[in-house]
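Written out below as structure tokens is the structure these notes cover.
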Amino acid sequence: MNSKKRKIRLLLAIVFGLFIAGTAQAETIYTENFGPGDAGNVTLNSVGWDAWYGTSATHCGHQNYVRLFVYEQAGGSTGGYMYSSPSSLNPTGLATTAEPGSVSTNILESISFRDRNANSSDTIRIVAKIGVNWYATDQAFTSDNSWTSPAQTFNWTNSASAWRNLTFTPGTVLSLGADTISSDLSGNVTEFGMYTVNDGGHMRIDDFTINVIPEPGSVVLIAAGLITLLGWMGLRRRRKQ
């Protein structure tokens with residue numbers, strides 16, 4: 001094979017590798033459906049989550065039927081779901097989990113959930129912990145009182161304009177910042193969750209799902225492997241000739 005043909009083959013391999021990178025599909029790395037819901041109400045701790053409520057961040061993840069917990073299958077759901085009961089005195093709540101493990105902010109694609117809120121003014125924000133800092137989305141999701149509504153989806157972005165600081169110290173303070181943060185997010189998310197505000201309604205949340213896109217490094221390795229294979233095939237052919 002002459003030099004020109006080898007260069008063309010090498011170029012095709014690179015283009016193919018870049019095509020794979022450009023068409024990489026998102027994959028789901030975590031889904032929480034809060035159990036089958038056929039054994040009665042249970043605590044959030046029992047499904048790998050934890051919870052706090054009120055401005056003083058009162059712990060309730062270990063308690064059943066206290067502000068945030070897992071409610072048994074009811075009201076048209078297909079299983080258990082996270083339930084947040086209303087309170088005019090302590091309307092805020094925080095539910096989190098470390099089950100997904102450490103996930104780079106550079107590969108997160110989206111976070112979605114299903115909800116059925118009795119009050120359309122009840123709000124839910126996605127929460128992420130990076131290092132020792134907590135953040136909540138500037139976007140506040142609302143819904144109607146139906147499980148058949150489309151899933152709520154936050155298309156992940158590291159942009160500072162999409163996030164607010166969430167001041168959280170268990171047993172001391174739970175407070176959402178009034179303004180968006182000043183610097184883009186970076187690093188690994190070690191805990192995910194939801195910040196809720198009950199405006200007098202019953203909040204029901206299910207199917208919390210995290211999607212990522214493949215690591216760019218993996219795609220590079222694929223392309224490098226193709227280039228190496230094509231080079232080896234060319235060398236083998238020359239030796240036979």
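Ordering of the structure tokens sets the chain letters (A, B, ...), residue numbers begin anew at 1 in every chain, and ligands are numbered from 1 in the order given.
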**Message:** Applying 6 Å and only C-alpha atoms, which residues near region 164-174 of chain A remain after dropping the ones on its own chain fewer than 5 positions away? List them as a PyMOL selection string.
**Reply:** chain A and resi 55-58+134-136+138+180-181
Can I get the selected residues back with C-alpha atoms, as a PDB file, in the first residue's frame?
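Listing of again22.pdb after writing:
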ATOM      1  CA  THR A  55     -35.227  26.455  58.137  1.00  0.00           C
ATOM      2  CA  SER A  56     -33.466  24.711  61.048  1.00  0.00           C
ATOM      3  CA  ALA A  57     -32.965  21.519  58.973  1.00  0.00           C
ATOM      4  CA  THR A  58     -34.728  19.111  61.307  1.00  0.00           C
ATOM      5  CA  TRP A 134     -24.523  22.502  48.187  1.00  0.00           C
ATOM      6  CA  TYR A 135     -26.290  23.929  45.141  1.00  0.00           C
ATOM      7  CA  ALA A 136     -29.926  24.025  43.969  1.00  0.00           C
ATOM      8  CA  ASP A 138     -32.432  28.305  39.843  1.00  0.00           C
ATOM      9  CA  THR A 180     -27.474  32.706  41.233  1.00  0.00           C
ATOM     10  CA  ILE A 181     -23.844  31.815  41.937  1.00  0.00           C
TER      11      ILE A 181
END
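CA of Ala118 (chain A) sits 13.1 Å away from CA of Ser149 (chain A).
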**Request:** Give me the residues within 9 Å of Ala39 (chain A) as a VMD selection string, counting only C-alpha atoms and dropping any in the same chain fewer than 3 places off.
**Result:** chain A and resid 36 42 72 to 73
**Request:** Go through A:Ser87, A:Asn106, A:Ala51, A:Phe34 one by one, measure the shortest atom-to-atom distance of each to Asp184 (chain A) using only C-alpha atoms, and give the residue with the smallest value.
**Result:**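 For Asp184 (chain A), the nearest of the candidates is A:Asn106.
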**Fill in**
Taken to one decimal, the CA of Leu44 (chain A)-CA of Asp199 (chain A) distance is 21.7 Å
**Asked** Near Val127 (chain A), within 12 Å and counting only C-alpha atoms, which residues show up once chain neighbours fewer than 3 positions away are dropped, as a ChimeraX atom specification?
**Response** /A:93-98,111-112,124,130,133-140,154,156,162-168,176,189-196,208
**Neighbour list for Thr78 (chain A) as a VMD selection string, cut-off 12 Å, only C-alpha atoms, skip fewer than 2 positions in-chain** = chain A and resid 33 to 38 71 to 76 80 to 81 114 147 to 148 206 to 207
Writing out the chosen residues with N, CA and C atoms as a PDB file, in the first residue's frame:
ATOM      1  N   ASN A  33     -37.015   4.478  42.378  1.00  0.00           N
ATOM      2  CA  ASN A  33     -38.476   4.429  42.267  1.00  0.00           C
ATOM      3  C   ASN A  33     -39.147   4.260  43.627  1.00  0.00           C
ATOM      4  N   PHE A  34     -38.346   4.322  44.702  1.00  0.00           N
ATOM      5  CA  PHE A  34     -38.843   4.296  46.076  1.00  0.00           C
ATOM      6  C   PHE A  34     -39.629   3.030  46.416  1.00  0.00           C
ATOM      7  N   GLY A  35     -39.251   1.931  45.794  1.00  0.00           N
ATOM      8  CA  GLY A  35     -39.766   0.628  46.177  1.00  0.00           C
ATOM      9  C   GLY A  35     -41.138   0.301  45.605  1.00  0.00           C
ATOM     10  N   PRO A  36     -41.573  -0.951  45.819  1.00  0.00           N
ATOM     11  CA  PRO A  36     -42.862  -1.397  45.272  1.00  0.00           C
ATOM     12  C   PRO A  36     -44.066  -0.785  45.967  1.00  0.00           C
ATOM     13  N   GLY A  37     -43.878  -0.310  47.201  1.00  0.00           N
ATOM     14  CA  GLY A  37     -44.971   0.352  47.892  1.00  0.00           C
ATOM     15  C   GLY A  37     -46.082  -0.564  48.345  1.00  0.00           C
ATOM     16  N   ASP A  38     -45.774  -1.859  48.547  1.00  0.00           N
ATOM     17  CA  ASP A  38     -46.823  -2.795  48.952  1.00  0.00           C
ATOM     18  C   ASP A  38     -46.670  -3.257  50.405  1.00  0.00           C
ATOM     19  N   TYR A  71     -44.175   6.845  50.742  1.00  0.00           N
ATOM     20  CA  TYR A  71     -45.591   6.531  50.898  1.00  0.00           C
ATOM     21  C   TYR A  71     -45.915   5.283  50.088  1.00  0.00           C
ATOM     22  N   GLU A  72     -46.767   4.435  50.653  1.00  0.00           N
ATOM     23  CA  GLU A  72     -47.143   3.213  49.960  1.00  0.00           C
ATOM     24  C   GLU A  72     -47.905   3.511  48.674  1.00  0.00           C
ATOM     25  N   GLN A  73     -47.957   2.526  47.806  1.00  0.00           N
ATOM     26  CA  GLN A  73     -48.640   2.670  46.525  1.00  0.00           C
ATOM     27  C   GLN A  73     -50.078   3.131  46.723  1.00  0.00           C
ATOM     28  N   ALA A  74     -50.409   4.230  46.078  1.00  0.00           N
ATOM     29  CA  ALA A  74     -51.760   4.782  46.207  1.00  0.00           C
ATOM     30  C   ALA A  74     -51.960   5.854  45.146  1.00  0.00           C
ATOM     31  N   GLY A  75     -53.207   6.210  44.913  1.00  0.00           N
ATOM     32  CA  GLY A  75     -53.526   7.345  44.052  1.00  0.00           C
ATOM     33  C   GLY A  75     -53.082   7.220  42.618  1.00  0.00           C
ATOM     34  N   GLY A  76     -53.055   5.996  42.085  1.00  0.00           N
ATOM     35  CA  GLY A  76     -52.713   5.824  40.683  1.00  0.00           C
ATOM     36  C   GLY A  76     -51.233   5.617  40.408  1.00  0.00           C
ATOM     37  N   GLY A  80     -44.277   2.694  45.379  1.00  0.00           N
ATOM     38  CA  GLY A  80     -44.065   3.714  46.389  1.00  0.00           C
ATOM     39  C   GLY A  80     -43.520   4.993  45.784  1.00  0.00           C
ATOM     40  N   TYR A  81     -43.633   6.085  46.521  1.00  0.00           N
ATOM     41  CA  TYR A  81     -43.092   7.361  46.058  1.00  0.00           C
ATOM     42  C   TYR A  81     -42.711   8.203  47.271  1.00  0.00           C
ATOM     43  N   ARG A 114     -40.689  12.249  38.231  1.00  0.00           N
ATOM     44  CA  ARG A 114     -42.127  12.374  38.040  1.00  0.00           C
ATOM     45  C   ARG A 114     -42.720  12.919  39.333  1.00  0.00           C
ATOM     46  N   TRP A 147     -50.200  11.751  37.757  1.00  0.00           N
ATOM     47  CA  TRP A 147     -49.013  10.953  37.448  1.00  0.00           C
ATOM     48  C   TRP A 147     -48.818  10.824  35.944  1.00  0.00           C
ATOM     49  N   THR A 148     -49.837  11.130  35.174  1.00  0.00           N
ATOM     50  CA  THR A 148     -49.744  10.942  33.732  1.00  0.00           C
ATOM     51  C   THR A 148     -49.064  12.108  33.026  1.00  0.00           C
ATOM     52  N   ASP A 206     -41.492  10.721  42.290  1.00  0.00           N
ATOM     53  CA  ASP A 206     -41.107   9.349  41.957  1.00  0.00           C
ATOM     54  C   ASP A 206     -40.108   9.337  40.797  1.00  0.00           C
ATOM     55  N   ASP A 207     -39.467   8.182  40.602  1.00  0.00           N
ATOM     56  CA  ASP A 207     -38.587   7.920  39.452  1.00  0.00           C
ATOM     57  C   ASP A 207     -37.514   8.989  39.262  1.00  0.00           C
TER      58      ASP A 207
END
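Here CA of His62 (chain A) is placed at a distance of 29.5 Å from CA of Thr105 (chain A).
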**Long-range neighbours of Gly61 (chain A) as a list of chain:residue names, 9 Å cut-off, only C-alpha atoms, 6 positions minimum in chain** = A:Thr43, A:Leu44, A:Asn45, A:Ser46, A:Trp49, A:Asp50, A:Ala51, A:Trp52, A:Arg67, A:Leu68, A:Phe69, A:Ala95
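Considering the residues A:Gln152, A:Thr28, A:Ser159, A:Ser146 and counting only C-alpha atoms, Ile213 (chain A) has its shortest atom-to-atom contact with A:Thr28.
Here the residues within region 84-221 of chain A that DSSP labels helix (DSSP H, G or I) on the basis of the backbone are Ala160, Ser161, Ala162, Pro216, Gly217, Ser218, Val219, Val220 and Leu221 of chain A.
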Secondary structure check, strand (DSSP E) residues of region 1-217 of chain A, as a tab-separated table (two decimals) with N, CA and C atoms, in the first residue's frame:
chain	number	residue	atom	x	y	z
A	27	GLU	N	-26.75	7.71	28.80
A	27	GLU	CA	-27.11	6.47	29.47
A	27	GLU	C	-27.54	6.76	30.90
A	28	THR	N	-28.46	5.97	31.41
A	28	THR	CA	-28.97	6.13	32.76
A	28	THR	C	-28.05	5.40	33.74
A	29	ILE	N	-27.57	6.12	34.75
A	29	ILE	CA	-26.69	5.49	35.74
A	29	ILE	C	-27.39	5.29	37.07
A	30	TYR	N	-28.58	5.90	37.23
A	30	TYR	CA	-29.27	5.77	38.51
A	30	TYR	C	-30.75	6.09	38.36
A	31	THR	N	-31.59	5.25	38.97
A	31	THR	CA	-33.02	5.53	39.06
A	31	THR	C	-33.51	5.09	40.42
A	32	GLU	N	-34.25	5.96	41.09
A	32	GLU	CA	-34.87	5.62	42.38
A	32	GLU	C	-36.38	5.65	42.20
A	49	TRP	N	-31.94	7.04	51.01
A	49	TRP	CA	-32.04	8.49	50.98
A	49	TRP	C	-32.07	9.02	52.41
A	50	ASP	N	-31.98	10.34	52.55
A	50	ASP	CA	-32.13	10.97	53.85
A	50	ASP	C	-32.89	12.28	53.65
A	51	ALA	N	-33.40	12.87	54.74
A	51	ALA	CA	-34.24	14.06	54.58
A	51	ALA	C	-34.21	14.96	55.80
A	52	TRP	N	-34.43	16.26	55.54
A	52	TRP	CA	-34.51	17.28	56.58
A	52	TRP	C	-35.59	18.27	56.18
A	53	TYR	N	-36.15	19.00	57.13
A	53	TYR	CA	-37.18	19.97	56.79
A	53	TYR	C	-37.07	21.21	57.66
A	58	THR	N	-34.40	20.19	60.39
A	58	THR	CA	-34.73	19.11	61.31
A	58	THR	C	-34.68	17.77	60.58
A	59	HIS	N	-33.95	16.81	61.13
A	59	HIS	CA	-33.78	15.52	60.49
A	59	HIS	C	-35.07	14.71	60.54
A	68	LEU	N	-41.03	14.16	55.17
A	68	LEU	CA	-40.54	13.51	53.96
A	68	LEU	C	-40.30	12.03	54.25
A	69	PHE	N	-41.01	11.17	53.51
A	69	PHE	CA	-40.88	9.72	53.73
A	69	PHE	C	-41.40	9.01	52.49
A	70	VAL	N	-41.35	7.68	52.49
A	70	VAL	CA	-41.85	6.89	51.36
A	70	VAL	C	-43.28	6.46	51.64
A	71	TYR	N	-44.17	6.85	50.74
A	71	TYR	CA	-45.59	6.53	50.90
A	71	TYR	C	-45.91	5.28	50.09
A	81	TYR	N	-43.63	6.09	46.52
A	81	TYR	CA	-43.09	7.36	46.06
A	81	TYR	C	-42.71	8.20	47.27
A	82	MET	N	-41.84	9.19	47.04
A	82	MET	CA	-41.48	10.09	48.13
A	82	MET	C	-42.62	11.07	48.35
A	83	TYR	N	-43.02	11.21	49.59
A	83	TYR	CA	-44.15	12.06	49.95
A	83	TYR	C	-43.67	13.19	50.84
A	84	SER	N	-44.11	14.39	50.56
A	84	SER	CA	-43.78	15.55	51.38
A	84	SER	C	-45.08	16.19	51.85
A	92	THR	N	-40.21	24.20	53.80
A	92	THR	CA	-39.08	23.74	53.00
A	92	THR	C	-38.66	22.33	53.41
A	93	GLY	N	-38.09	21.60	52.45
A	93	GLY	CA	-37.59	20.26	52.73
A	93	GLY	C	-36.41	19.94	51.83
A	94	LEU	N	-35.59	19.00	52.26
A	94	LEU	CA	-34.43	18.57	51.48
A	94	LEU	C	-34.31	17.05	51.58
A	95	ALA	N	-34.28	16.39	50.44
A	95	ALA	CA	-34.09	14.94	50.39
A	95	ALA	C	-32.87	14.65	49.52
A	96	THR	N	-31.93	13.82	50.00
A	96	THR	CA	-30.69	13.60	49.26
A	96	THR	C	-30.29	12.12	49.29
A	97	THR	N	-29.40	11.78	48.37
A	97	THR	CA	-28.84	10.43	48.33
A	97	THR	C	-27.42	10.47	47.80
A	103	VAL	N	-19.90	11.60	40.60
A	103	VAL	CA	-20.13	11.77	39.16
A	103	VAL	C	-19.59	13.12	38.71
A	104	SER	N	-18.76	13.13	37.69
A	104	SER	CA	-18.18	14.37	37.18
A	104	SER	C	-19.25	15.28	36.60
A	108	LEU	N	-22.46	14.75	33.21
A	108	LEU	CA	-23.89	14.75	33.51
A	108	LEU	C	-24.69	15.31	32.34
A	109	GLU	N	-25.76	14.63	31.99
A	109	GLU	CA	-26.58	15.05	30.84
A	109	GLU	C	-27.93	15.59	31.27
A	110	SER	N	-28.61	14.90	32.18
A	110	SER	CA	-29.91	15.37	32.65
A	110	SER	C	-30.32	14.65	33.93
A	111	ILE	N	-31.24	15.27	34.67
A	111	ILE	CA	-31.86	14.66	35.84
A	111	ILE	C	-33.36	14.86	35.70
A	112	SER	N	-34.11	13.78	35.86
A	112	SER	CA	-35.55	13.87	35.69
A	112	SER	C	-36.27	13.20	36.85
A	113	PHE	N	-37.55	13.50	36.99
A	113	PHE	CA	-38.38	12.88	38.02
A	113	PHE	C	-39.84	13.05	37.62
A	114	ARG	N	-40.69	12.25	38.23
A	114	ARG	CA	-42.13	12.37	38.04
A	114	ARG	C	-42.72	12.92	39.33
A	115	ASP	N	-43.76	13.71	39.21
A	115	ASP	CA	-44.37	14.26	40.41
A	115	ASP	C	-45.88	14.42	40.24
A	123	THR	N	-43.12	23.70	44.72
A	123	THR	CA	-41.97	23.71	43.83
A	123	THR	C	-40.91	22.69	44.24
A	124	ILE	N	-40.16	22.23	43.23
A	124	ILE	CA	-39.07	21.27	43.42
A	124	ILE	C	-37.86	21.77	42.65
A	125	ARG	N	-36.69	21.75	43.29
A	125	ARG	CA	-35.44	22.11	42.63
A	125	ARG	C	-34.45	20.95	42.78
A	126	ILE	N	-33.69	20.68	41.72
A	126	ILE	CA	-32.64	19.67	41.78
A	126	ILE	C	-31.49	20.18	42.63
A	127	VAL	N	-30.92	19.28	43.42
A	127	VAL	CA	-29.84	19.65	44.34
A	127	VAL	C	-28.60	18.81	44.05
A	128	ALA	N	-27.42	19.43	44.19
A	128	ALA	CA	-26.15	18.73	44.01
A	128	ALA	C	-25.14	19.20	45.04
A	129	LYS	N	-24.37	18.25	45.56
A	129	LYS	CA	-23.30	18.58	46.50
A	129	LYS	C	-21.96	18.36	45.81
A	130	ILE	N	-21.13	19.40	45.79
A	130	ILE	CA	-19.79	19.33	45.21
A	130	ILE	C	-18.80	19.77	46.27
A	133	ASN	N	-19.84	22.05	49.39
A	133	ASN	CA	-20.86	23.03	49.04
A	133	ASN	C	-22.10	22.37	48.42
A	134	TRP	N	-23.25	22.96	48.73
A	134	TRP	CA	-24.52	22.50	48.19
A	134	TRP	C	-25.08	23.54	47.22
A	135	TYR	N	-25.71	23.05	46.14
A	135	TYR	CA	-26.29	23.93	45.14
A	135	TYR	C	-27.69	23.43	44.77
A	136	ALA	N	-28.58	24.36	44.45
A	136	ALA	CA	-29.93	24.02	43.97
A	136	ALA	C	-30.17	24.77	42.67
A	137	THR	N	-30.92	24.16	41.78
A	137	THR	CA	-31.19	24.81	40.50
A	137	THR	C	-31.97	26.11	40.68
A	152	GLN	N	-40.63	15.67	34.66
A	152	GLN	CA	-39.91	16.93	34.74
A	152	GLN	C	-38.43	16.65	34.48
A	153	THR	N	-37.79	17.47	33.66
A	153	THR	CA	-36.39	17.22	33.30
A	153	THR	C	-35.55	18.49	33.42
A	154	PHE	N	-34.43	18.35	34.13
A	154	PHE	CA	-33.44	19.42	34.19
A	154	PHE	C	-32.29	19.01	33.30
A	155	ASN	N	-32.10	19.72	32.20
A	155	ASN	CA	-30.98	19.47	31.30
A	155	ASN	C	-29.72	20.06	31.93
A	163	TRP	N	-27.71	28.05	38.72
A	163	TRP	CA	-27.60	27.50	40.07
A	163	TRP	C	-27.61	28.58	41.15
A	164	ARG	N	-28.12	28.19	42.32
A	164	ARG	CA	-28.06	29.02	43.51
A	164	ARG	C	-27.35	28.26	44.63
A	165	ASN	N	-26.77	28.99	45.56
A	165	ASN	CA	-26.20	28.35	46.74
A	165	ASN	C	-27.33	27.83	47.63
A	166	LEU	N	-27.11	26.67	48.22
A	166	LEU	CA	-28.03	26.13	49.20
A	166	LEU	C	-27.26	25.98	50.50
A	167	THR	N	-27.60	26.80	51.48
A	167	THR	CA	-26.92	26.73	52.77
A	167	THR	C	-27.58	25.63	53.59
A	168	PHE	N	-26.81	24.60	53.91
A	168	PHE	CA	-27.37	23.44	54.59
A	168	PHE	C	-26.39	22.90	55.64
A	169	THR	N	-26.81	22.95	56.88
A	169	THR	CA	-26.11	22.31	57.99
A	169	THR	C	-27.15	21.53	58.78
A	173	VAL	N	-29.41	24.80	59.83
A	173	VAL	CA	-29.94	25.75	58.85
A	173	VAL	C	-30.19	25.08	57.51
A	174	LEU	N	-31.26	25.49	56.85
A	174	LEU	CA	-31.58	25.09	55.48
A	174	LEU	C	-32.15	26.33	54.80
A	175	SER	N	-31.37	26.89	53.85
A	175	SER	CA	-31.76	28.17	53.27
A	175	SER	C	-31.30	28.26	51.81
A	176	LEU	N	-32.19	28.67	50.93
A	176	LEU	CA	-31.86	28.82	49.52
A	176	LEU	C	-31.41	30.25	49.24
A	177	GLY	N	-30.29	30.39	48.52
A	177	GLY	CA	-29.79	31.70	48.17
A	177	GLY	C	-30.75	32.45	47.25
A	178	ALA	N	-30.76	33.77	47.38
A	178	ALA	CA	-31.69	34.59	46.59
A	178	ALA	C	-31.20	34.80	45.16
A	179	ASP	N	-29.89	34.72	44.94
A	179	ASP	CA	-29.31	35.00	43.63
A	179	ASP	C	-28.53	33.79	43.12
A	180	THR	N	-28.27	33.77	41.81
A	180	THR	CA	-27.47	32.71	41.23
A	180	THR	C	-26.01	32.88	41.62
A	188	ASN	N	-16.71	16.96	41.04
A	188	ASN	CA	-17.58	15.79	41.09
A	188	ASN	C	-18.75	16.01	42.04
A	189	VAL	N	-19.92	15.59	41.60
A	189	VAL	CA	-21.10	15.63	42.47
A	189	VAL	C	-21.09	14.35	43.30
A	190	THR	N	-21.13	14.48	44.62
A	190	THR	CA	-21.09	13.31	45.50
A	190	THR	C	-22.45	12.99	46.12
A	191	GLU	N	-23.39	13.94	46.06
A	191	GLU	CA	-24.75	13.69	46.51
A	191	GLU	C	-25.73	14.44	45.61
A	192	PHE	N	-26.86	13.80	45.35
A	192	PHE	CA	-27.92	14.39	44.54
A	192	PHE	C	-29.20	14.45	45.37
A	193	GLY	N	-30.14	15.27	44.94
A	193	GLY	CA	-31.40	15.30	45.66
A	193	GLY	C	-32.35	16.36	45.17
A	194	MET	N	-33.30	16.71	46.04
A	194	MET	CA	-34.33	17.68	45.70
A	194	MET	C	-34.62	18.60	46.88
A	195	TYR	N	-34.77	19.87	46.58
A	195	TYR	CA	-35.17	20.88	47.56
A	195	TYR	C	-36.62	21.20	47.27
A	196	THR	N	-37.50	21.00	48.25
A	196	THR	CA	-38.94	21.16	48.03
A	196	THR	C	-39.50	22.30	48.87
A	197	VAL	N	-40.53	22.93	48.33
A	197	VAL	CA	-41.27	23.96	49.07
A	197	VAL	C	-42.75	23.65	48.94
A	203	MET	N	-47.07	16.85	48.20
A	203	MET	CA	-46.13	16.62	47.12
A	203	MET	C	-45.79	15.14	47.03
A	204	ARG	N	-45.84	14.61	45.83
A	204	ARG	CA	-45.55	13.20	45.59
A	204	ARG	C	-44.51	13.13	44.47
A	205	ILE	N	-43.38	12.49	44.73
A	205	ILE	CA	-42.26	12.49	43.78
A	205	ILE	C	-41.78	11.06	43.55
A	206	ASP	N	-41.49	10.72	42.29
A	206	ASP	CA	-41.11	9.35	41.96
A	206	ASP	C	-40.11	9.34	40.80
A	207	ASP	N	-39.47	8.18	40.60
A	207	ASP	CA	-38.59	7.92	39.45
A	207	ASP	C	-37.51	8.99	39.26
A	208	PHE	N	-36.76	9.25	40.31
A	208	PHE	CA	-35.63	10.20	40.23
A	208	PHE	C	-34.52	9.53	39.41
A	209	THR	N	-34.18	10.12	38.27
A	209	THR	CA	-33.28	9.47	37.31
A	209	THR	C	-32.14	10.38	36.89
A	210	ILE	N	-30.93	9.81	36.85
A	210	ILE	CA	-29.73	10.56	36.46
A	210	ILE	C	-29.17	9.96	35.16
A	211	ASN	N	-28.98	10.82	34.16
A	211	ASN	CA	-28.40	10.39	32.88
A	211	ASN	C	-27.06	11.09	32.65
A	212	VAL	N	-26.13	10.36	32.03
A	212	VAL	CA	-24.82	10.92	31.72
A	212	VAL	C	-24.50	10.65	30.25
**Item:** Residue nearest Cys60 (chain A) - candidates A:Ser85, A:Ser161, A:Ser77, A:Asn119, atoms counted: only C-alpha atoms
**Value:**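 Counting only C-alpha atoms, the residue closest to Cys60 (chain A) is A:Ser85.
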